[in-house]
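**Student:** Encoded as structure tokens, here's the structure I'll be asking about.
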Amino acid sequence: MQIDWQKGLIPVVTQDENGEVLMLAYMNEEAFKLSCESGYAHYFSRSKNRIWKKGESSGNTQKIKQIKLDCDNDAILLKVEQIGAACHTGSHSCFFKELDILENSRIPSEENSRIPSANTPSYGILDELYHTCLERKLSGDESTSYTAKLYKKAPNSYLKKIAEEACEFALAIKDFKAGAKGEHKEAQPAYDIVYEGADVLFHMLVALADVGIHPEQLLNELRRREGLSGLIEKANRKGE
């Protein structure tokens with residue numbers, strides 16, 4: 001049977017060998033071919049806008065045991081041998097948030113939304129912070145979460161902080177350079193540059209999560225520009 005790729009990205013439900021649903025992801029035709037050829041699950045990330053092998057960062061791979069296609073040829077069921085946790089939180093399955101709709105019809109509180117695990121995989125700090133921002137946006141308590149408070153008054157709240165922190169980062173660089181030249185007795189040490197730079201990155205991640213753009217897309221853009229003159233790239237962007 002042929003998969004109907006004309007419908008675009010195909011949803012994929014992934015189960016472990018015991019039948020527990022681990023995650024929902026998507027494949028394009030290339031990701032499907034890579035999965036079949038390698039025997040390990042590859043998906044197309046809508047947020048990162050690229051194909052990724054499950055476990056490429058964490059090592060928590062999915063060895064494919066069975067592939068099934070639904071009756072309309074536009075959805076896939078994968079049965080896999082899951083190595084480690086399937087979820088970036090360290091949970092075995094991504095589906096662990098129970099909605100108590102019978103009592104109060106609300107998403108669980110921020111404190112109960114993540115299952116602690118001693119074997120939480122490393123997906124890279126940018127990816128982990130991005131997902132944390134998404135969680136705070138959805139169900140964060142602004143009385144206890146700074147990030148949730150930013151989302152409450154978005155976008156002006158985080159846009160103002162990006163401008164403010166970028167200015168402080170620039171001043172930290174200026175003070176450091178002045179100190180290196182002996183022009184400023186009270187020049188700040190290098191850790192101020194790191195501290196202020198981290199603040200800029202954090203508030204950028206808050207903004208990216210709000211508009212649904214994974215930081216990987218920024219890294220992909222930098223990779224695209226690699227080896228290309230900055231002057232030429234800028235001229236091409238302006239259509240000059």
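Following the order of the structure tokens, chains are lettered A, B, ..., residues in each are numbered from 1, and ligands are numbered from 1.
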If we count only C-alpha atoms and set the cut-off at 9 Å, which residues sit around A:Ala154, ignoring sequence neighbours fewer than 4 positions away in its own chain? Please answer as a PDB file with N, CA, C and O atoms, in the first residue's frame.

**Tutor:**
```pdb
ATOM      1  N   LYS A 149       4.684  35.055  33.875  1.00  0.00           N
ATOM      2  CA  LYS A 149       4.324  36.471  34.036  1.00  0.00           C
ATOM      3  C   LYS A 149       4.618  37.248  32.765  1.00  0.00           C
ATOM      4  O   LYS A 149       3.861  38.138  32.372  1.00  0.00           O
ATOM      5  N   LEU A 150       5.725  36.915  32.106  1.00  0.00           N
ATOM      6  CA  LEU A 150       6.047  37.562  30.829  1.00  0.00           C
ATOM      7  C   LEU A 150       4.972  37.267  29.785  1.00  0.00           C
ATOM      8  O   LEU A 150       4.564  38.151  29.027  1.00  0.00           O
ATOM      9  N   TYR A 158       8.137  40.800  26.995  1.00  0.00           N
ATOM     10  CA  TYR A 158       9.434  40.208  26.649  1.00  0.00           C
ATOM     11  C   TYR A 158      10.175  41.022  25.589  1.00  0.00           C
ATOM     12  O   TYR A 158      11.407  40.996  25.526  1.00  0.00           O
ATOM     13  N   LEU A 159       9.458  41.759  24.739  1.00  0.00           N
ATOM     14  CA  LEU A 159      10.141  42.612  23.759  1.00  0.00           C
ATOM     15  C   LEU A 159      10.915  43.724  24.469  1.00  0.00           C
ATOM     16  O   LEU A 159      12.046  44.063  24.089  1.00  0.00           O
ATOM     17  N   ALA A 207      10.455  34.696  23.527  1.00  0.00           N
ATOM     18  CA  ALA A 207       9.797  35.242  22.338  1.00  0.00           C
ATOM     19  C   ALA A 207       9.615  34.177  21.263  1.00  0.00           C
ATOM     20  O   ALA A 207       8.542  34.067  20.654  1.00  0.00           O
ATOM     21  N   ASP A 210       6.829  31.855  22.006  1.00  0.00           N
ATOM     22  CA  ASP A 210       5.520  32.487  21.863  1.00  0.00           C
ATOM     23  C   ASP A 210       5.030  32.459  20.423  1.00  0.00           C
ATOM     24  O   ASP A 210       3.834  32.391  20.170  1.00  0.00           O
TER      25      ASP A 210
END
```

**Student:** Any idea what's packed within 7 Å of stretch 3-6 of chain A, counting only C-alpha atoms, ignoring anything in its chain fewer than 6 positions away? Could you give it as number ranges by chain?

**Tutor:** A: 29, 73-74

**Student:** Rounded to one decimal, what separation in Å do you get between atom CA of A:Glu221 and atom CA of A:Asn49?

**Tutor:**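 Distance reported for this atom pair: 11.0 Å.
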
**Student:** From a DSSP pass on the backbone, collect the residues of stretch 121-227 of chain A flagged as alpha helix (DSSP H) and hand them back as an NGL selection string.

**Tutor:** :A and (125-139 or 146-152 or 156-180 or 191-211 or 215-225)

**Student:** Please identify all polymer residues within 9 Å of A:Gly39, counting only C-alpha atoms, omitting same-chain residues fewer than 2 positions from it, and present them as an MDAnalysis selection string.

**Tutor:** chainID A and resid 34:37 41 62:65

**Student:** Could you write out that same residue set with C-alpha atoms as a JSON list (two decimals), in the first residue's frame?

**Tutor:**
```
[["chain", "number", "residue", "atom", "x", "y", "z"],
["A", 34, "LEU", "CA", 15.36, 7.04, 6.31],
["A", 35, "SER", "CA", 13.37, 5.18, 8.95],
["A", 36, "CYS", "CA", 12.89, 2.17, 6.67],
["A", 37, "GLU", "CA", 16.50, 2.12, 5.50],
["A", 41, "ALA", "CA", 12.64, 6.18, 13.72],
["A", 62, "GLN", "CA", 13.60, 3.97, 18.73],
["A", 63, "LYS", "CA", 14.31, 0.69, 16.95],
["A", 64, "ILE", "CA", 11.39, -0.03, 14.63],
["A", 65, "LYS", "CA", 9.63, -3.36, 15.11]]
```

**Student:** Could you list, as number ranges by chain, every residue within 10 Å of A:Leu218, counting only C-alpha atoms and ignoring same-chain residues fewer than 5 positions away?

**Tutor:** A: 48, 208, 213, 223-224

**Student:** Atoms to include: N, CA, C and O atoms. Write the selected residues as a short mmCIF file (atom, residue, chain, number, x, y, z; two decimals), in the first residue's frame.

**Tutor:**
```cif
data_model
loop_
_atom_site.label_atom_id
_atom_site.label_comp_id
_atom_site.auth_asym_id
_atom_site.auth_seq_id
_atom_site.Cartn_x
_atom_site.Cartn_y
_atom_site.Cartn_z
N LYS A 48 11.54 22.66 14.42
CA LYS A 48 12.93 22.82 13.98
C LYS A 48 13.04 22.91 12.46
O LYS A 48 14.08 23.28 11.93
N LEU A 208 10.64 33.36 21.03
CA LEU A 208 10.57 32.32 20.01
C LEU A 208 9.48 31.31 20.33
O LEU A 208 8.72 30.87 19.46
N ILE A 213 8.63 29.24 17.02
CA ILE A 213 9.84 29.03 16.23
C ILE A 213 10.93 28.46 17.13
O ILE A 213 11.36 29.10 18.10
N ARG A 223 23.89 28.19 9.70
CA ARG A 223 24.57 27.16 8.90
C ARG A 223 24.43 27.46 7.42
O ARG A 223 25.35 27.24 6.62
N ARG A 224 23.25 27.96 7.03
CA ARG A 224 23.01 28.30 5.63
C ARG A 224 23.97 29.39 5.17
O ARG A 224 24.44 29.39 4.02
#
```

**Student:** What's the 9 Å shell around A:Leu134, counting only C-alpha atoms, without same-chain residues fewer than 6 positions away, as a list in words?

**Tutor:**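 In the requested format, the answer is Val206, Ala209, Asp210 and Gly212 of chain A.
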
**Student:** Write out, as a PDB file, in the first residue's frame, the residues just selected, with all heavy atoms.

**Tutor:**
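Saved as selection11.pdb:
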```pdb
ATOM      1  N   VAL A 206      12.022  33.004  25.110  1.00  0.00           N
ATOM      2  CA  VAL A 206      10.634  33.272  25.495  1.00  0.00           C
ATOM      3  C   VAL A 206       9.847  33.771  24.283  1.00  0.00           C
ATOM      4  O   VAL A 206       8.732  33.323  24.010  1.00  0.00           O
ATOM      5  CB  VAL A 206      10.576  34.308  26.635  1.00  0.00           C
ATOM      6  CG1 VAL A 206       9.125  34.733  26.903  1.00  0.00           C
ATOM      7  CG2 VAL A 206      11.190  33.737  27.914  1.00  0.00           C
ATOM      8  N   ALA A 209       9.392  30.924  21.606  1.00  0.00           N
ATOM      9  CA  ALA A 209       8.360  29.964  22.008  1.00  0.00           C
ATOM     10  C   ALA A 209       6.966  30.553  21.812  1.00  0.00           C
ATOM     11  O   ALA A 209       6.025  29.840  21.464  1.00  0.00           O
ATOM     12  CB  ALA A 209       8.563  29.547  23.463  1.00  0.00           C
ATOM     13  N   ASP A 210       6.829  31.855  22.006  1.00  0.00           N
ATOM     14  CA  ASP A 210       5.520  32.487  21.863  1.00  0.00           C
ATOM     15  C   ASP A 210       5.030  32.459  20.423  1.00  0.00           C
ATOM     16  O   ASP A 210       3.834  32.391  20.170  1.00  0.00           O
ATOM     17  CB  ASP A 210       5.582  33.933  22.363  1.00  0.00           C
ATOM     18  CG  ASP A 210       4.202  34.520  22.613  1.00  0.00           C
ATOM     19  OD1 ASP A 210       3.273  33.748  22.919  1.00  0.00           O
ATOM     20  OD2 ASP A 210       4.052  35.753  22.506  1.00  0.00           O
ATOM     21  N   GLY A 212       6.229  30.132  18.209  1.00  0.00           N
ATOM     22  CA  GLY A 212       6.353  28.766  17.703  1.00  0.00           C
ATOM     23  C   GLY A 212       7.545  28.525  16.796  1.00  0.00           C
ATOM     24  O   GLY A 212       7.471  27.669  15.905  1.00  0.00           O
TER      25      GLY A 212
END
```

**Student:** As a list in words, please: the residues near A:Ile125 (cut-off 12 Å, only C-alpha atoms, same-chain neighbours under 4 positions excluded).

**Tutor:** Ser57, Ser58, His88, Pro121, Leu129, Tyr130, His131, Thr132, Ala198, Leu201, Phe202, Leu205, Pro215 and Glu216 of chain A

**Student:** Could those selected residues go to a file with all heavy atoms, as a compact mmCIF listing (two decimals), in the first residue's frame?

**Tutor:**
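File produced: result_5.txt:
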```txt
# COMPACT_ATOMS: atom_id res chain seq x y z
N SER A 57 20.27 13.43 19.99
CA SER A 57 20.95 14.20 21.03
C SER A 57 21.01 13.43 22.35
O SER A 57 22.03 13.45 23.04
CB SER A 57 20.24 15.54 21.26
OG SER A 57 20.25 16.33 20.09
N SER A 58 19.92 12.79 22.69
CA SER A 58 19.81 12.13 24.00
C SER A 58 20.33 10.70 24.02
O SER A 58 20.64 10.16 25.08
CB SER A 58 18.35 12.11 24.44
OG SER A 58 17.58 11.29 23.57
N HIS A 88 11.15 14.36 26.31
CA HIS A 88 12.29 15.20 26.68
C HIS A 88 12.31 15.50 28.19
O HIS A 88 13.34 15.91 28.73
CB HIS A 88 12.27 16.52 25.91
CG HIS A 88 11.27 17.51 26.40
ND1 HIS A 88 9.93 17.41 26.08
CD2 HIS A 88 11.38 18.60 27.19
CE1 HIS A 88 9.28 18.41 26.65
NE2 HIS A 88 10.13 19.15 27.32
N PRO A 121 16.97 12.76 29.99
CA PRO A 121 17.95 12.83 28.91
C PRO A 121 18.38 14.26 28.64
O PRO A 121 17.70 15.22 29.00
CB PRO A 121 17.17 12.28 27.70
CG PRO A 121 15.76 12.62 28.00
CD PRO A 121 15.62 12.48 29.49
N LEU A 129 15.09 24.60 27.41
CA LEU A 129 14.51 25.89 27.80
C LEU A 129 13.32 26.26 26.91
O LEU A 129 12.33 26.83 27.39
CB LEU A 129 15.57 26.98 27.75
CG LEU A 129 16.58 27.00 28.90
CD1 LEU A 129 17.64 28.08 28.66
CD2 LEU A 129 15.89 27.22 30.24
N TYR A 130 13.43 25.93 25.63
CA TYR A 130 12.33 26.21 24.71
C TYR A 130 11.06 25.48 25.14
O TYR A 130 9.97 26.05 25.20
CB TYR A 130 12.73 25.80 23.29
CG TYR A 130 11.64 25.94 22.26
CD1 TYR A 130 11.33 27.18 21.70
CD2 TYR A 130 10.90 24.83 21.82
CE1 TYR A 130 10.32 27.32 20.76
CE2 TYR A 130 9.89 24.96 20.88
CZ TYR A 130 9.62 26.20 20.34
OH TYR A 130 8.62 26.33 19.41
N HIS A 131 11.19 24.20 25.48
CA HIS A 131 10.04 23.42 25.92
C HIS A 131 9.52 23.90 27.28
O HIS A 131 8.32 23.88 27.53
CB HIS A 131 10.38 21.93 25.98
CG HIS A 131 10.39 21.27 24.64
ND1 HIS A 131 11.52 21.19 23.86
CD2 HIS A 131 9.40 20.69 23.92
CE1 HIS A 131 11.22 20.57 22.74
NE2 HIS A 131 9.95 20.26 22.74
N THR A 132 10.43 24.34 28.14
CA THR A 132 10.00 24.90 29.41
C THR A 132 9.17 26.16 29.19
O THR A 132 8.14 26.37 29.85
CB THR A 132 11.20 25.23 30.31
OG1 THR A 132 11.91 24.02 30.60
CG2 THR A 132 10.76 25.87 31.62
N ALA A 198 23.48 35.86 28.63
CA ALA A 198 22.52 34.79 28.94
C ALA A 198 21.11 35.35 29.09
O ALA A 198 20.13 34.72 28.68
CB ALA A 198 22.94 34.06 30.22
N LEU A 201 19.70 35.85 25.61
CA LEU A 201 19.30 34.58 25.00
C LEU A 201 18.01 34.04 25.62
O LEU A 201 17.13 33.54 24.92
CB LEU A 201 20.42 33.55 25.17
CG LEU A 201 21.63 33.71 24.25
CD1 LEU A 201 22.71 32.70 24.62
CD2 LEU A 201 21.23 33.54 22.80
N PHE A 202 17.91 34.16 26.94
CA PHE A 202 16.71 33.64 27.61
C PHE A 202 15.45 34.35 27.12
O PHE A 202 14.45 33.71 26.79
CB PHE A 202 16.83 33.80 29.13
CG PHE A 202 15.53 33.51 29.84
CD1 PHE A 202 15.10 32.20 30.00
CD2 PHE A 202 14.73 34.54 30.32
CE1 PHE A 202 13.90 31.93 30.63
CE2 PHE A 202 13.53 34.28 30.95
CZ PHE A 202 13.11 32.97 31.10
N LEU A 205 14.44 33.28 23.75
CA LEU A 205 13.77 31.98 23.77
C LEU A 205 12.30 32.13 24.16
O LEU A 205 11.43 31.45 23.61
CB LEU A 205 14.48 31.03 24.73
CG LEU A 205 15.79 30.43 24.23
CD1 LEU A 205 16.52 29.73 25.36
CD2 LEU A 205 15.55 29.46 23.08
N PRO A 215 14.59 27.40 18.41
CA PRO A 215 15.91 28.03 18.22
C PRO A 215 16.77 27.32 17.18
O PRO A 215 17.69 27.92 16.61
CB PRO A 215 16.54 27.98 19.61
CG PRO A 215 15.74 26.98 20.38
CD PRO A 215 14.36 27.06 19.82
N GLU A 216 16.47 26.05 16.93
CA GLU A 216 17.22 25.31 15.90
C GLU A 216 17.09 25.99 14.54
O GLU A 216 18.01 25.93 13.72
CB GLU A 216 16.69 23.88 15.82
CG GLU A 216 17.42 23.00 14.81
CD GLU A 216 18.81 22.57 15.26
OE1 GLU A 216 19.10 22.71 16.47
OE2 GLU A 216 19.57 22.08 14.42
```

**Student:** Tell me, in Å to one decimal, how far atom CA of A:Ala163 is from atom CA of A:Ala190.

**Tutor:**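 Atom CA of A:Ala163 sits 20.8 Å away from atom CA of A:Ala190.
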
**Student:** Of the candidates A:Ile83, A:Ile67, A:Ile51, A:Ile76, which one gets nearest to A:Val13 if we count only C-alpha atoms?

**Tutor:** A:Ile76
